[in-house]
>>> print(open('model.pdb').read())   # PDB, C-alpha atoms
ATOM      1  CA  MET A  26      13.472 -15.989  10.850
ATOM      2  CA  THR A  27      13.384 -14.668  14.422
ATOM      3  CA  ILE A  28      11.598 -11.414  15.218
ATOM      4  CA  GLU A  29      11.723  -9.637  18.555
ATOM      5  CA  ARG A  30       8.433  -8.504  20.063
ATOM      6  CA  SER A  31       7.893  -4.823  19.477
ATOM      7  CA  THR A  32       6.424  -3.938  22.864
ATOM      8  CA  ARG A  33       5.168  -5.635  25.966
ATOM      9  CA  GLY A  34       1.820  -6.456  24.448
ATOM     10  CA  GLY A  35       0.966  -2.922  23.312
ATOM     11  CA  PRO A  36       0.579  -1.570  19.786
ATOM     12  CA  ALA A  37       3.647  -1.655  17.560
ATOM     13  CA  VAL A  38       2.977   1.941  16.500
ATOM     14  CA  VAL A  39       0.632   4.526  17.976
ATOM     15  CA  ALA A  40       0.547   8.121  16.749
ATOM     16  CA  GLU A  41      -1.599  10.939  18.094
ATOM     17  CA  ALA A  42      -2.201  14.219  16.252
ATOM     18  CA  LEU A  43       1.165  14.396  14.466
ATOM     19  CA  ALA A  44       1.568  17.676  12.599
ATOM     20  CA  LYS A  45       4.286  19.096  10.352
ATOM     21  CA  ARG A  46       4.485  22.335   8.390
ATOM     22  CA  TYR A  47       7.008  23.616   5.870
ATOM     23  CA  GLY A  48       6.370  27.334   5.724
ATOM     24  CA  ASP A  49       2.828  27.758   4.424
ATOM     25  CA  VAL A  50       2.598  24.103   3.362
ATOM     26  CA  VAL A  51       0.851  21.765   5.795
ATOM     27  CA  ALA A  52       2.394  18.333   5.214
ATOM     28  CA  ALA A  53       0.666  16.608   8.135
ATOM     29  CA  ASP A  54      -2.322  18.041   9.959
ATOM     30  CA  GLY A  55      -3.030  15.936  13.029
ATOM     31  CA  ILE A  56      -2.313  12.375  11.861
ATOM     32  CA  SER A  57      -3.442   9.678  14.303
ATOM     33  CA  LEU A  58      -3.068   5.958  13.661
ATOM     34  CA  VAL A  59      -2.406   2.622  15.352
ATOM     35  CA  VAL A  60      -0.566  -0.472  14.122
ATOM     36  CA  PRO A  61      -1.472  -3.455  16.325
ATOM     37  CA  GLU A  62       1.404  -5.838  16.875
ATOM     38  CA  GLY A  63       1.827  -8.458  14.157
ATOM     39  CA  THR A  64      -0.385  -6.694  11.611
ATOM     40  CA  VAL A  65      -0.076  -4.576   8.470
ATOM     41  CA  LEU A  66      -1.503  -1.052   8.422
ATOM     42  CA  GLY A  67      -1.908   0.273   4.898
ATOM     43  CA  VAL A  68      -1.658   4.055   4.487
ATOM     44  CA  LEU A  69      -3.280   5.227   1.270
ATOM     45  CA  GLY A  70      -3.424   8.697  -0.203
ATOM     46  CA  PRO A  71      -2.802  10.663  -3.391
ATOM     47  CA  ASN A  72       0.577  12.253  -4.054
ATOM     48  CA  GLY A  73       1.267  15.007  -1.553
ATOM     49  CA  ALA A  74      -1.277  13.690   0.943
ATOM     50  CA  GLY A  75       1.254  13.388   3.775
ATOM     51  CA  LYS A  76       2.136   9.676   3.679
ATOM     52  CA  THR A  77       5.901  10.019   3.405
ATOM     53  CA  THR A  78       5.989  12.894   5.900
ATOM     54  CA  THR A  79       4.195  10.659   8.388
ATOM     55  CA  VAL A  80       6.710   7.851   7.851
ATOM     56  CA  ARG A  81       9.625  10.262   8.238
ATOM     57  CA  MET A  82       8.244  11.495  11.566
ATOM     58  CA  LEU A  83       7.594   7.980  12.877
ATOM     59  CA  THR A  84      11.091   6.856  11.886
ATOM     60  CA  THR A  85      12.680   9.907  13.599
ATOM     61  CA  LEU A  86      14.063  11.358  10.355
ATOM     62  CA  ILE A  87      12.190  14.598  11.061
ATOM     63  CA  ALA A  88      10.623  15.909  14.247
ATOM     64  CA  PRO A  89       6.896  16.693  14.351
ATOM     65  CA  ASP A  90       5.851  20.258  15.132
ATOM     66  CA  SER A  91       3.242  18.854  17.496
ATOM     67  CA  GLY A  92       1.661  15.577  18.500
ATOM     68  CA  GLN A  93       3.266  12.442  19.880
ATOM     69  CA  ALA A  94       3.973   8.853  18.904
ATOM     70  CA  ARG A  95       5.480   5.655  20.240
ATOM     71  CA  VAL A  96       7.116   3.092  17.984
ATOM     72  CA  ALA A  97       8.086  -0.337  19.314
ATOM     73  CA  GLY A  98       7.393   0.991  22.806
ATOM     74  CA  ALA A  99       9.677   4.047  22.546
ATOM     75  CA  ASP A 100       8.835   7.730  22.229
ATOM     76  CA  ILE A 101       9.904   9.122  18.846
ATOM     77  CA  ILE A 102      11.205  12.367  20.404
ATOM     78  CA  ARG A 103      12.623  11.455  23.816
ATOM     79  CA  GLU A 104      13.860   7.983  22.788
ATOM     80  CA  ALA A 105      14.726   8.477  19.130
ATOM     81  CA  ALA A 106      17.863   6.332  19.306
ATOM     82  CA  THR A 107      15.879   3.463  20.804
ATOM     83  CA  VAL A 108      13.261   3.774  18.066
ATOM     84  CA  ARG A 109      15.953   3.628  15.373
ATOM     85  CA  ALA A 110      17.430   0.511  16.961
ATOM     86  CA  ARG A 111      14.060  -1.251  16.882
ATOM     87  CA  ILE A 112      12.846  -0.485  13.351
ATOM     88  CA  GLY A 113      13.658  -1.236   9.745
ATOM     89  CA  VAL A 114      12.903   1.130   6.876
ATOM     90  CA  SER A 115      12.607   0.464   3.148
ATOM     91  CA  GLY A 116      11.666   3.356   0.880
ATOM     92  CA  GLN A 117      10.580   4.005  -2.675
ATOM     93  CA  TYR A 118      14.123   3.705  -3.989
ATOM     94  CA  ALA A 119      16.419   0.822  -3.094
ATOM     95  CA  ALA A 120      19.180   2.190  -0.856
ATOM     96  CA  VAL A 121      21.955  -0.160  -1.925
ATOM     97  CA  ASP A 122      25.546   0.492  -2.940
ATOM     98  CA  GLU A 123      25.735  -0.527  -6.594
ATOM     99  CA  TYR A 124      29.454  -1.242  -6.455
ATOM    100  CA  LEU A 125      29.265  -3.632  -3.524
ATOM    101  CA  THR A 126      28.030  -7.183  -3.875
ATOM    102  CA  GLY A 127      24.764  -8.242  -2.316
ATOM    103  CA  PHE A 128      26.669  -9.901   0.523
ATOM    104  CA  GLU A 129      28.882  -6.868   1.070
ATOM    105  CA  ASN A 130      25.866  -4.561   1.260
ATOM    106  CA  LEU A 131      24.219  -6.621   3.982
ATOM    107  CA  ASP A 132      27.465  -7.330   5.828
ATOM    108  CA  MET A 133      28.217  -3.591   5.939
ATOM    109  CA  ILE A 134      24.790  -2.828   7.408
ATOM    110  CA  GLY A 135      25.291  -5.498  10.048
ATOM    111  CA  ARG A 136      28.615  -3.964  11.056
ATOM    112  CA  LEU A 137      26.984  -0.510  11.268
ATOM    113  CA  TYR A 138      24.514  -2.085  13.703
ATOM    114  CA  HIS A 139      27.560  -3.295  15.726
ATOM    115  CA  LEU A 140      26.646  -6.956  15.274
ATOM    116  CA  GLY A 141      30.295  -7.933  14.988
ATOM    117  CA  ALA A 142      32.139  -9.418  12.007
ATOM    118  CA  ALA A 143      31.045 -13.037  12.422
ATOM    119  CA  ALA A 144      27.418 -12.229  13.273
ATOM    120  CA  SER A 145      27.138  -9.710  10.418
ATOM    121  CA  ALA A 146      28.419 -12.203   7.867
ATOM    122  CA  ALA A 147      26.162 -14.978   9.148
ATOM    123  CA  ARG A 148      23.097 -12.721   9.159
ATOM    124  CA  ALA A 149      23.893 -11.500   5.633
ATOM    125  CA  ARG A 150      24.083 -15.075   4.299
ATOM    126  CA  GLU A 151      20.862 -15.980   6.125
ATOM    127  CA  LEU A 152      18.948 -13.087   4.586
ATOM    128  CA  LEU A 153      20.348 -13.679   1.106
ATOM    129  CA  THR A 154      18.899 -17.180   1.335
ATOM    130  CA  ASP A 155      15.577 -15.979   2.789
ATOM    131  CA  PHE A 156      15.182 -13.473  -0.073
ATOM    132  CA  ARG A 157      16.278 -15.917  -2.787
ATOM    133  CA  LEU A 158      19.402 -13.902  -3.591
ATOM    134  CA  GLU A 159      22.056 -16.475  -2.670
ATOM    135  CA  ASP A 160      22.954 -17.156  -6.318
ATOM    136  CA  ALA A 161      23.650 -13.437  -6.817
ATOM    137  CA  ALA A 162      25.278 -12.879  -3.407
ATOM    138  CA  ASP A 163      28.745 -12.218  -4.826
ATOM    139  CA  ARG A 164      27.695 -10.124  -7.801
ATOM    140  CA  PRO A 165      27.782  -6.289  -7.712
ATOM    141  CA  ALA A 166      24.352  -4.857  -6.939
ATOM    142  CA  LYS A 167      24.479  -2.821 -10.167
ATOM    143  CA  THR A 168      23.897  -6.106 -12.048
ATOM    144  CA  TYR A 169      20.669  -6.777 -10.114
ATOM    145  CA  SER A 170      17.208  -6.317 -11.586
ATOM    146  CA  GLY A 171      14.817  -3.794 -10.005
ATOM    147  CA  GLY A 172      13.008  -6.520  -8.101
ATOM    148  CA  MET A 173      16.281  -7.984  -6.811
ATOM    149  CA  ARG A 174      17.431  -4.565  -5.604
ATOM    150  CA  ARG A 175      14.173  -4.058  -3.740
ATOM    151  CA  ARG A 176      14.540  -7.452  -2.068
ATOM    152  CA  LEU A 177      18.132  -6.607  -1.121
ATOM    153  CA  ASP A 178      16.996  -3.257   0.294
ATOM    154  CA  LEU A 179      14.290  -4.937   2.373
ATOM    155  CA  ALA A 180      16.790  -7.549   3.546
ATOM    156  CA  GLY A 181      19.019  -4.696   4.724
ATOM    157  CA  ALA A 182      16.128  -3.308   6.763
ATOM    158  CA  LEU A 183      15.887  -6.674   8.541
ATOM    159  CA  ILE A 184      19.544  -7.125   9.492
ATOM    160  CA  ALA A 185      18.958  -6.335  13.165
ATOM    161  CA  ARG A 186      15.714  -8.356  13.320
ATOM    162  CA  PRO A 187      13.541  -5.283  13.955
ATOM    163  CA  PRO A 188      10.027  -5.939  15.255
ATOM    164  CA  VAL A 189       8.595  -2.992  13.275
ATOM    165  CA  ILE A 190       9.106  -2.306   9.566
ATOM    166  CA  PHE A 191       8.174   0.849   7.638
ATOM    167  CA  LEU A 192       7.674   0.299   3.921
ATOM    168  CA  ASP A 193       7.213   3.538   1.984
ATOM    169  CA  GLU A 194       5.824   2.568  -1.434
ATOM    170  CA  PRO A 195       8.193  -0.418  -1.650
ATOM    171  CA  THR A 196       6.937  -1.743  -4.995
ATOM    172  CA  THR A 197       6.720   1.517  -6.971
ATOM    173  CA  GLY A 198       8.000   0.964 -10.499
ATOM    174  CA  LEU A 199       8.265  -2.812 -10.271
ATOM    175  CA  ASP A 200       6.784  -5.068 -12.927
ATOM    176  CA  PRO A 201       3.789  -7.224 -11.907
ATOM    177  CA  ARG A 202       5.905 -10.337 -11.313
ATOM    178  CA  SER A 203       8.429  -8.517  -9.087
ATOM    179  CA  ARG A 204       5.586  -6.818  -7.247
ATOM    180  CA  GLY A 205       3.979 -10.177  -6.568
ATOM    181  CA  GLU A 206       7.284 -11.519  -5.237
ATOM    182  CA  MET A 207       7.580  -8.555  -2.857
ATOM    183  CA  TRP A 208       4.023  -9.142  -1.643
ATOM    184  CA  GLY A 209       5.023 -12.700  -0.790
ATOM    185  CA  VAL A 210       8.058 -11.486   1.154
ATOM    186  CA  ILE A 211       5.986  -8.963   3.132
ATOM    187  CA  ALA A 212       3.272 -11.511   3.914
ATOM    188  CA  ASP A 213       5.940 -13.926   5.149
ATOM    189  CA  LEU A 214       7.404 -11.268   7.452
ATOM    190  CA  VAL A 215       4.012 -10.711   9.048
ATOM    191  CA  ARG A 216       3.471 -14.441   9.496
ATOM    192  CA  HIS A 217       6.699 -14.474  11.517
ATOM    193  CA  GLY A 218       5.499 -11.652  13.771
ATOM    194  CA  THR A 219       6.717  -8.442  12.162
ATOM    195  CA  SER A 220       4.487  -5.377  12.420
ATOM    196  CA  VAL A 221       4.344  -3.337   9.206
ATOM    197  CA  LEU A 222       3.286   0.175   8.266
ATOM    198  CA  LEU A 223       2.931   0.200   4.492
ATOM    199  CA  THR A 224       2.332   3.252   2.324
ATOM    200  CA  THR A 225       1.307   2.481  -1.215
ATOM    201  CA  GLN A 226      -0.346   3.844  -4.330
ATOM    202  CA  TYR A 227      -1.325   0.355  -5.471
ATOM    203  CA  LEU A 228      -4.805  -0.253  -4.112
ATOM    204  CA  GLU A 229      -4.587  -3.948  -4.941
ATOM    205  CA  GLU A 230      -1.489  -4.064  -2.730
ATOM    206  CA  ALA A 231      -3.364  -2.612   0.249
ATOM    207  CA  ASP A 232      -6.340  -4.875  -0.434
ATOM    208  CA  ARG A 233      -4.065  -7.930  -0.491
ATOM    209  CA  LEU A 234      -1.730  -7.165   2.435
ATOM    210  CA  ALA A 235      -3.315  -4.740   4.892
ATOM    211  CA  ASP A 236      -5.277  -5.840   7.947
ATOM    212  CA  ASN A 237      -6.461  -2.254   8.351
ATOM    213  CA  ILE A 238      -6.238   0.834   6.150
ATOM    214  CA  VAL A 239      -6.151   4.566   6.791
ATOM    215  CA  VAL A 240      -6.811   6.993   3.954
ATOM    216  CA  VAL A 241      -4.893  10.279   4.136
ATOM    217  CA  ASP A 242      -5.651  13.415   2.154
ATOM    218  CA  HIS A 243      -4.354  16.962   2.650
ATOM    219  CA  GLY A 244      -2.401  15.806   5.684
ATOM    220  CA  ARG A 245      -5.399  14.345   7.507
ATOM    221  CA  VAL A 246      -6.843  10.881   8.068
ATOM    222  CA  ILE A 247     -10.190  11.015   6.300
ATOM    223  CA  ALA A 248     -11.219   7.362   6.668
ATOM    224  CA  GLU A 249     -10.075   4.152   8.301
ATOM    225  CA  GLY A 250     -11.164   0.538   8.535
ATOM    226  CA  THR A 251     -10.674  -2.769   6.797
ATOM    227  CA  ALA A 252     -10.766  -2.925   3.017
ATOM    228  CA  ASP A 253     -14.303  -4.357   3.179
ATOM    229  CA  GLN A 254     -15.455  -1.596   5.517
ATOM    230  CA  LEU A 255     -14.095   1.092   3.194
ATOM    231  CA  LYS A 256     -15.743  -0.553   0.197
ATOM    232  CA  ALA A 257     -19.050  -0.683   2.084
ATOM    233  CA  GLN A 258     -18.953   3.116   2.465
ATOM    234  CA  VAL A 259     -19.283   3.456  -1.304
ATOM    235  CA  GLY A 260     -22.598   1.641  -1.420
ATOM    236  CA  GLY A 261     -23.925  -1.451  -3.122
ATOM    237  CA  GLU A 262     -23.219  -3.262  -6.354
ATOM    238  CA  ARG A 263     -22.331  -1.798  -9.748
ATOM    239  CA  LEU A 264     -23.916  -2.764 -13.071
ATOM    240  CA  HIS A 265     -21.527  -2.478 -16.026
ATOM    241  CA  VAL A 266     -22.748  -2.499 -19.614
ATOM    242  CA  THR A 267     -20.498  -2.208 -22.655
ATOM    243  CA  VAL A 268     -22.553  -1.427 -25.750
ATOM    244  CA  ALA A 269     -21.526  -2.863 -29.098
ATOM    245  CA  ASP A 270     -22.324   0.304 -31.081
ATOM    246  CA  PRO A 271     -20.930   3.668 -29.890
ATOM    247  CA  ALA A 272     -24.062   5.312 -31.286
ATOM    248  CA  ASP A 273     -26.097   3.506 -28.620
ATOM    249  CA  LEU A 274     -24.062   4.844 -25.696
ATOM    250  CA  ALA A 275     -26.298   7.827 -24.921
ATOM    251  CA  ARG A 276     -29.493   5.756 -25.169
ATOM    252  CA  GLY A 277     -27.938   3.075 -23.011
ATOM    253  CA  ARG A 278     -27.096   5.619 -20.348
ATOM    254  CA  GLU A 279     -30.643   6.991 -20.270
ATOM    255  CA  LEU A 280     -32.136   3.509 -20.083
ATOM    256  CA  LEU A 281     -29.884   2.340 -17.271
ATOM    257  CA  ALA A 282     -30.404   5.564 -15.340
ATOM    258  CA  ARG A 283     -34.170   4.933 -15.416
ATOM    259  CA  LEU A 284     -33.668   1.353 -14.257
ATOM    260  CA  ALA A 285     -31.407   2.488 -11.414
ATOM    261  CA  GLY A 286     -34.046   4.837 -10.057
ATOM    262  CA  SER A 287     -33.839   8.406  -8.854
ATOM    263  CA  GLN A 288     -31.595   7.541  -5.874
ATOM    264  CA  HIS A 289     -28.799   6.306  -8.189
ATOM    265  CA  ALA A 290     -29.412   8.238 -11.424
ATOM    266  CA  ALA A 291     -26.949  10.984 -10.512
ATOM    267  CA  HIS A 292     -24.155   8.432 -10.103
ATOM    268  CA  VAL A 293     -24.259   6.933 -13.586
ATOM    269  CA  GLU A 294     -20.755   6.920 -15.133
ATOM    270  CA  VAL A 295     -19.951   6.778 -18.834
ATOM    271  CA  GLU A 296     -16.577   5.880 -20.344
ATOM    272  CA  GLU A 297     -16.786   6.776 -24.010
ATOM    273  CA  HIS A 298     -13.516   5.163 -25.101
ATOM    274  CA  THR A 299     -14.644   1.772 -23.759
ATOM    275  CA  ARG A 300     -18.358   2.350 -24.576
ATOM    276  CA  THR A 301     -19.194   1.402 -20.973
ATOM    277  CA  VAL A 302     -21.977   2.608 -18.707
ATOM    278  CA  THR A 303     -21.689   1.959 -14.959
ATOM    279  CA  VAL A 304     -24.531   2.512 -12.512
ATOM    280  CA  PRO A 305     -25.128   1.620  -8.847
ATOM    281  CA  VAL A 306     -27.982  -0.874  -8.470
ATOM    282  CA  ASP A 307     -29.932  -2.708  -5.828
ATOM    283  CA  GLY A 308     -31.063  -6.276  -6.236
ATOM    284  CA  GLY A 309     -28.023  -7.967  -7.732
ATOM    285  CA  THR A 310     -29.010 -10.588 -10.311
ATOM    286  CA  THR A 311     -32.561  -9.221 -10.501
ATOM    287  CA  ALA A 312     -31.187  -5.856 -11.626
ATOM    288  CA  LEU A 313     -28.967  -7.651 -14.137
ATOM    289  CA  LEU A 314     -31.901  -9.549 -15.659
ATOM    290  CA  ASP A 315     -33.987  -6.358 -15.800
ATOM    291  CA  ALA A 316     -31.157  -4.594 -17.645
ATOM    292  CA  VAL A 317     -30.763  -7.441 -20.159
ATOM    293  CA  ARG A 318     -34.511  -7.380 -20.952
ATOM    294  CA  ALA A 319     -34.640  -3.581 -21.211
ATOM    295  CA  LEU A 320     -31.624  -3.407 -23.519
ATOM    296  CA  ASP A 321     -33.068  -6.150 -25.712
ATOM    297  CA  ASP A 322     -36.443  -4.393 -25.908
ATOM    298  CA  ALA A 323     -34.702  -1.156 -26.890
ATOM    299  CA  GLY A 324     -32.661  -2.882 -29.572
ATOM    300  CA  ILE A 325     -29.336  -2.052 -27.876
ATOM    301  CA  ALA A 326     -26.745  -4.794 -28.300
ATOM    302  CA  ALA A 327     -24.513  -5.330 -25.261
ATOM    303  CA  GLN A 328     -20.983  -6.533 -25.914
ATOM    304  CA  ASP A 329     -20.483  -7.184 -22.211
ATOM    305  CA  ILE A 330     -22.693  -6.913 -19.131
ATOM    306  CA  GLY A 331     -22.186  -7.832 -15.497
ATOM    307  CA  ILE A 332     -22.505  -7.016 -11.803
ATOM    308  CA  ARG A 333     -19.580  -6.408  -9.443
ATOM    309  CA  ARG A 334     -19.096  -5.233  -5.891
ATOM    310  CA  PRO A 335     -17.328  -1.912  -5.208
ATOM    311  CA  THR A 336     -13.542  -2.145  -5.239
ATOM    312  CA  LEU A 337     -11.018  -0.362  -3.073
ATOM    313  CA  ASP A 338     -10.448   1.882  -6.112
ATOM    314  CA  ASP A 339     -14.113   2.921  -5.948
ATOM    315  CA  ALA A 340     -13.788   3.654  -2.241
ATOM    316  CA  PHE A 341     -10.598   5.650  -2.731
ATOM    317  CA  LEU A 342     -12.094   7.735  -5.521
ATOM    318  CA  ALA A 343     -15.239   8.369  -3.495
ATOM    319  CA  LEU A 344     -13.238   9.451  -0.443
ATOM    320  CA  THR A 345     -10.585  11.614  -2.113
ATOM    321  CA  GLY A 346     -12.078  12.508  -5.475
ATOM    322  CA  LYS A 347      -8.867  11.441  -7.221
ATOM    323  CA  GLY A 348      -6.799   8.388  -8.051
ATOM    324  CA  ALA A 349      -4.131   7.028  -5.746
ATOM    325  CA  GLY A 350      -1.345   8.066  -8.098
ATOM    326  CA  SER A 351      -2.698  11.572  -8.718
TER     327      SER A 351
END
>>> encode(input="model.pdb", output="structure tokens")
Amino acid sequence: MTIERSTRGGPAVVAEALAKRYGDVVAADGISLVVPEGTVLGVLGPNGAGKTTTVRMLTTLIAPDSGQARVAGADIIREAATVRARIGVSGQYAAVDEYLTGFENLDMIGRLYHLGAAASAARARELLTDFRLEDAADRPAKTYSGGMRRRLDLAGALIARPPVIFLDEPTTGLDPRSRGEMWGVIADLVRHGTSVLLTTQYLEEADRLADNIVVVDHGRVIAEGTADQLKAQVGGERLHVTVADPADLARGRELLARLAGSQHAAHVEVEEHTRTVTVPVDGGTTALLDAVRALDDAGIAAQDIGIRRPTLDDAFLALTGKGAGS
């Protein structure tokens, strides 16, 4: 798989203060981001945060009201045609013609890119093999599973060997197995030099694939860094205790809040349906042993108890106050 270099050594994507309004609705309010060449930038945010608007501006589908950006070395306003020639785009819904075969879909895209009949056909067969679709190449796309359609859609975005790919929630609605297959495809693209901007609501997806992450909320970038850096902003470790008897939940909360100390007491979380108390702690295994002894002394039976580090979910909730799919 051959990928052209996106720029002459510069970032694959650089955006500065992109803004877009629709009447009184601010869809993007000064978005700035950078995708270094050969990396994945994950863009996280709740529904309506401005992720898709940002992708649409960077892919020249809509013009920003203000701000500027360069994609694959070309200005998104002054050189929009050049940008479109250098990128691939795969969205939330597979953009394939259900009545054409897999081969015909890709061959048609190649011809639209003016690759020529022979080159289009050869590239289509190459991508069908790369995406493990060769056995279904001559079947109508309407017979494909959801995961197969997504792979075909992504293959179509790669027909012209673009150095920069925009993936707007590419695995939404896929089952875990199909999602895992798509993750493998994306990781392989990056290994071969593609630069990727990925929007997603699956935090595990960003944790697995992204070299860097920006968190967007209300049209603004509110945090950025690696997954580990974002997790570190949440604080230290979490102690989880699931009590055996629901009647002990309130007592368990009070006990663990005292053990956590005044600096963490306000952050104790209780999930009644799972009978679980979660509290930030310092000291790791020492805090765990202290909790086991205290629960035993109080006669509270623990069905499950353990320590874990903050997850990207914790970081996202702390930064936005809501879940990624909210």
>>> resolve_selection(input="model.pdb", expression="the PyMOL selection byres ((chain A and resi 281) around 9)", output="list in words")
Leu264, Val266, Arg276, Gly277, Arg278, Glu279, Leu280, Ala282, Arg283, Leu284, Ala285, Gly286, Ala290, Val293, Val302, Thr303, Val304, Ala316, Ala319 and Leu320 of chain A
>>> resolve_selection(input="model.pdb", expression="the PyMOL selection byres ((chain A and resi 332) around 12)", output="mmCIF file with C-alpha atoms, in the coordinates of the input")
data_model
loop_
_atom_site.group_PDB
_atom_site.id
_atom_site.type_symbol
_atom_site.label_atom_id
_atom_site.label_comp_id
_atom_site.auth_asym_id
_atom_site.auth_seq_id
_atom_site.Cartn_x
_atom_site.Cartn_y
_atom_site.Cartn_z
ATOM 1 C CA GLY A 261 -23.925 -1.451 -3.122
ATOM 2 C CA GLU A 262 -23.219 -3.262 -6.354
ATOM 3 C CA ARG A 263 -22.331 -1.798 -9.748
ATOM 4 C CA LEU A 264 -23.916 -2.764 -13.071
ATOM 5 C CA HIS A 265 -21.527 -2.478 -16.026
ATOM 6 C CA VAL A 266 -22.748 -2.499 -19.614
ATOM 7 C CA VAL A 302 -21.977 2.608 -18.707
ATOM 8 C CA THR A 303 -21.689 1.959 -14.959
ATOM 9 C CA VAL A 304 -24.531 2.512 -12.512
ATOM 10 C CA PRO A 305 -25.128 1.620 -8.847
ATOM 11 C CA VAL A 306 -27.982 -0.874 -8.470
ATOM 12 C CA ASP A 307 -29.932 -2.708 -5.828
ATOM 13 C CA GLY A 308 -31.063 -6.276 -6.236
ATOM 14 C CA GLY A 309 -28.023 -7.967 -7.732
ATOM 15 C CA THR A 310 -29.010 -10.588 -10.311
ATOM 16 C CA THR A 311 -32.561 -9.221 -10.501
ATOM 17 C CA ALA A 312 -31.187 -5.856 -11.626
ATOM 18 C CA LEU A 313 -28.967 -7.651 -14.137
ATOM 19 C CA LEU A 314 -31.901 -9.549 -15.659
ATOM 20 C CA ALA A 316 -31.157 -4.594 -17.645
ATOM 21 C CA VAL A 317 -30.763 -7.441 -20.159
ATOM 22 C CA ASP A 329 -20.483 -7.184 -22.211
ATOM 23 C CA ILE A 330 -22.693 -6.913 -19.131
ATOM 24 C CA GLY A 331 -22.186 -7.832 -15.497
ATOM 25 C CA ARG A 333 -19.580 -6.408 -9.443
ATOM 26 C CA ARG A 334 -19.096 -5.233 -5.891
ATOM 27 C CA PRO A 335 -17.328 -1.912 -5.208
#
>>> axis_aligned_box(input="model.pdb", around="region 126-145 of chain A", padding_each_side="8 Å", output="AutoDock Vina command-line options")
--center_x 28.2 --center_y -6.8 --center_z 5.9 --size_x 23.9 --size_y 28.5 --size_z 35.6
>>> residues_around(input="model.pdb", residues="region 233-239 of chain A", least_positions_apart="3", cutoff="8 Å", atoms="all atoms listed in the file", output="list in words")
Leu58, Thr64, Val65, Leu66, Gly67, Val68, Leu69, Trp208, Ile211, Ala212, Leu223, Glu229, Glu230, Val246, Ile247, Ala248, Glu249, Gly250, Thr251 and Ala252 of chain A
>>> write_last_selection(input="model.pdb", atoms="C-alpha atoms", output="mmCIF file, in the frame of the given file")
data_model
loop_
_atom_site.group_PDB
_atom_site.id
_atom_site.type_symbol
_atom_site.label_atom_id
_atom_site.label_comp_id
_atom_site.auth_asym_id
_atom_site.auth_seq_id
_atom_site.Cartn_x
_atom_site.Cartn_y
_atom_site.Cartn_z
ATOM 1 C CA LEU A 58 -3.068 5.958 13.661
ATOM 2 C CA THR A 64 -0.385 -6.694 11.611
ATOM 3 C CA VAL A 65 -0.076 -4.576 8.470
ATOM 4 C CA LEU A 66 -1.503 -1.052 8.422
ATOM 5 C CA GLY A 67 -1.908 0.273 4.898
ATOM 6 C CA VAL A 68 -1.658 4.055 4.487
ATOM 7 C CA LEU A 69 -3.280 5.227 1.270
ATOM 8 C CA TRP A 208 4.023 -9.142 -1.643
ATOM 9 C CA ILE A 211 5.986 -8.963 3.132
ATOM 10 C CA ALA A 212 3.272 -11.511 3.914
ATOM 11 C CA LEU A 223 2.931 0.200 4.492
ATOM 12 C CA GLU A 229 -4.587 -3.948 -4.941
ATOM 13 C CA GLU A 230 -1.489 -4.064 -2.730
ATOM 14 C CA VAL A 246 -6.843 10.881 8.068
ATOM 15 C CA ILE A 247 -10.190 11.015 6.300
ATOM 16 C CA ALA A 248 -11.219 7.362 6.668
ATOM 17 C CA GLU A 249 -10.075 4.152 8.301
ATOM 18 C CA GLY A 250 -11.164 0.538 8.535
ATOM 19 C CA THR A 251 -10.674 -2.769 6.797
ATOM 20 C CA ALA A 252 -10.766 -2.925 3.017
#
>>> resolve_selection(input="model.pdb", expression="the PyMOL selection byres ((chain A and resi 181-194) around 9)", output="number ranges by chain")
A: 26-32, 37-38, 62-63, 76-77, 80, 83-84, 96-97, 110-118, 120-121, 130-132, 134-135, 138, 140, 145, 148-149, 152, 176-180, 195-197, 218-227
>>> atom_distance(input="model.pdb", atom1="CA of Thr336 (chain A)", atom2="CA of Leu214 (chain A)")
26.1 Å
>>> atom_distance(input="model.pdb", atom1="CA of Leu199 (chain A)", atom2="CA of Ala340 (chain A)")
24.3 Å
>>> closest_residue(input="model.pdb", among="A:Pro36, A:Gly141, A:Gly127, A:Gly198", to="Gly171 (chain A)", atoms="all atoms listed in the file")
A:Gly198
>>> closest_residue(input="model.pdb", among="A:Thr107, A:Thr126, A:Ser91, A:Gln258", to="Ser57 (chain A)", atoms="only C-alpha atoms")
A:Ser91
>>> atom_distance(input="model.pdb", atom1="CA of Asp90 (chain A)", atom2="CA of Gly73 (chain A)")
18.1 Å
>>> closest_atom_pairs(input="model.pdb", of="region 200-259 of chain A", to="region 155-169 of chain A", cutoff="12 Å", atoms="only C-alpha atoms", output="Markdown table")
| residue | atom | partner | partner_atom | distance |
| --- | --- | --- | --- | --- |
| A:Glu206 | CA | A:Phe156 | CA | 9.6 |
| A:Met207 | CA | A:Phe156 | CA | 9.5 |
| A:Gly209 | CA | A:Phe156 | CA | 10.2 |
| A:Val210 | CA | A:Phe156 | CA | 7.5 |
| A:Ile211 | CA | A:Phe156 | CA | 10.7 |
| A:Asp213 | CA | A:Asp155 | CA | 10.1 |
| A:Leu214 | CA | A:Asp155 | CA | 10.5 |
>>> closest_residue(input="model.pdb", among="A:Pro61, A:Gly35, A:Gly48, A:Gly55", to="Thr79 (chain A)", atoms="only C-alpha atoms")
A:Gly55
>>> residues_around(input="model.pdb", residues="Thr301 (chain A)", least_positions_apart="3", cutoff="8 Å", atoms="all atoms listed in the file", output="ChimeraX atom specification")
/A:265-268,274,295-298
>>> closest_residue(input="model.pdb", among="A:Glu151, A:Asp232, A:Glu41, A:Glu129", to="Asp54 (chain A)", atoms="all atoms listed in the file")
A:Glu41
>>> closest_residue(input="model.pdb", among="A:Ala42, A:Val51, A:Ala146, A:Ala99", to="Gly244 (chain A)", atoms="only C-alpha atoms")
A:Val51
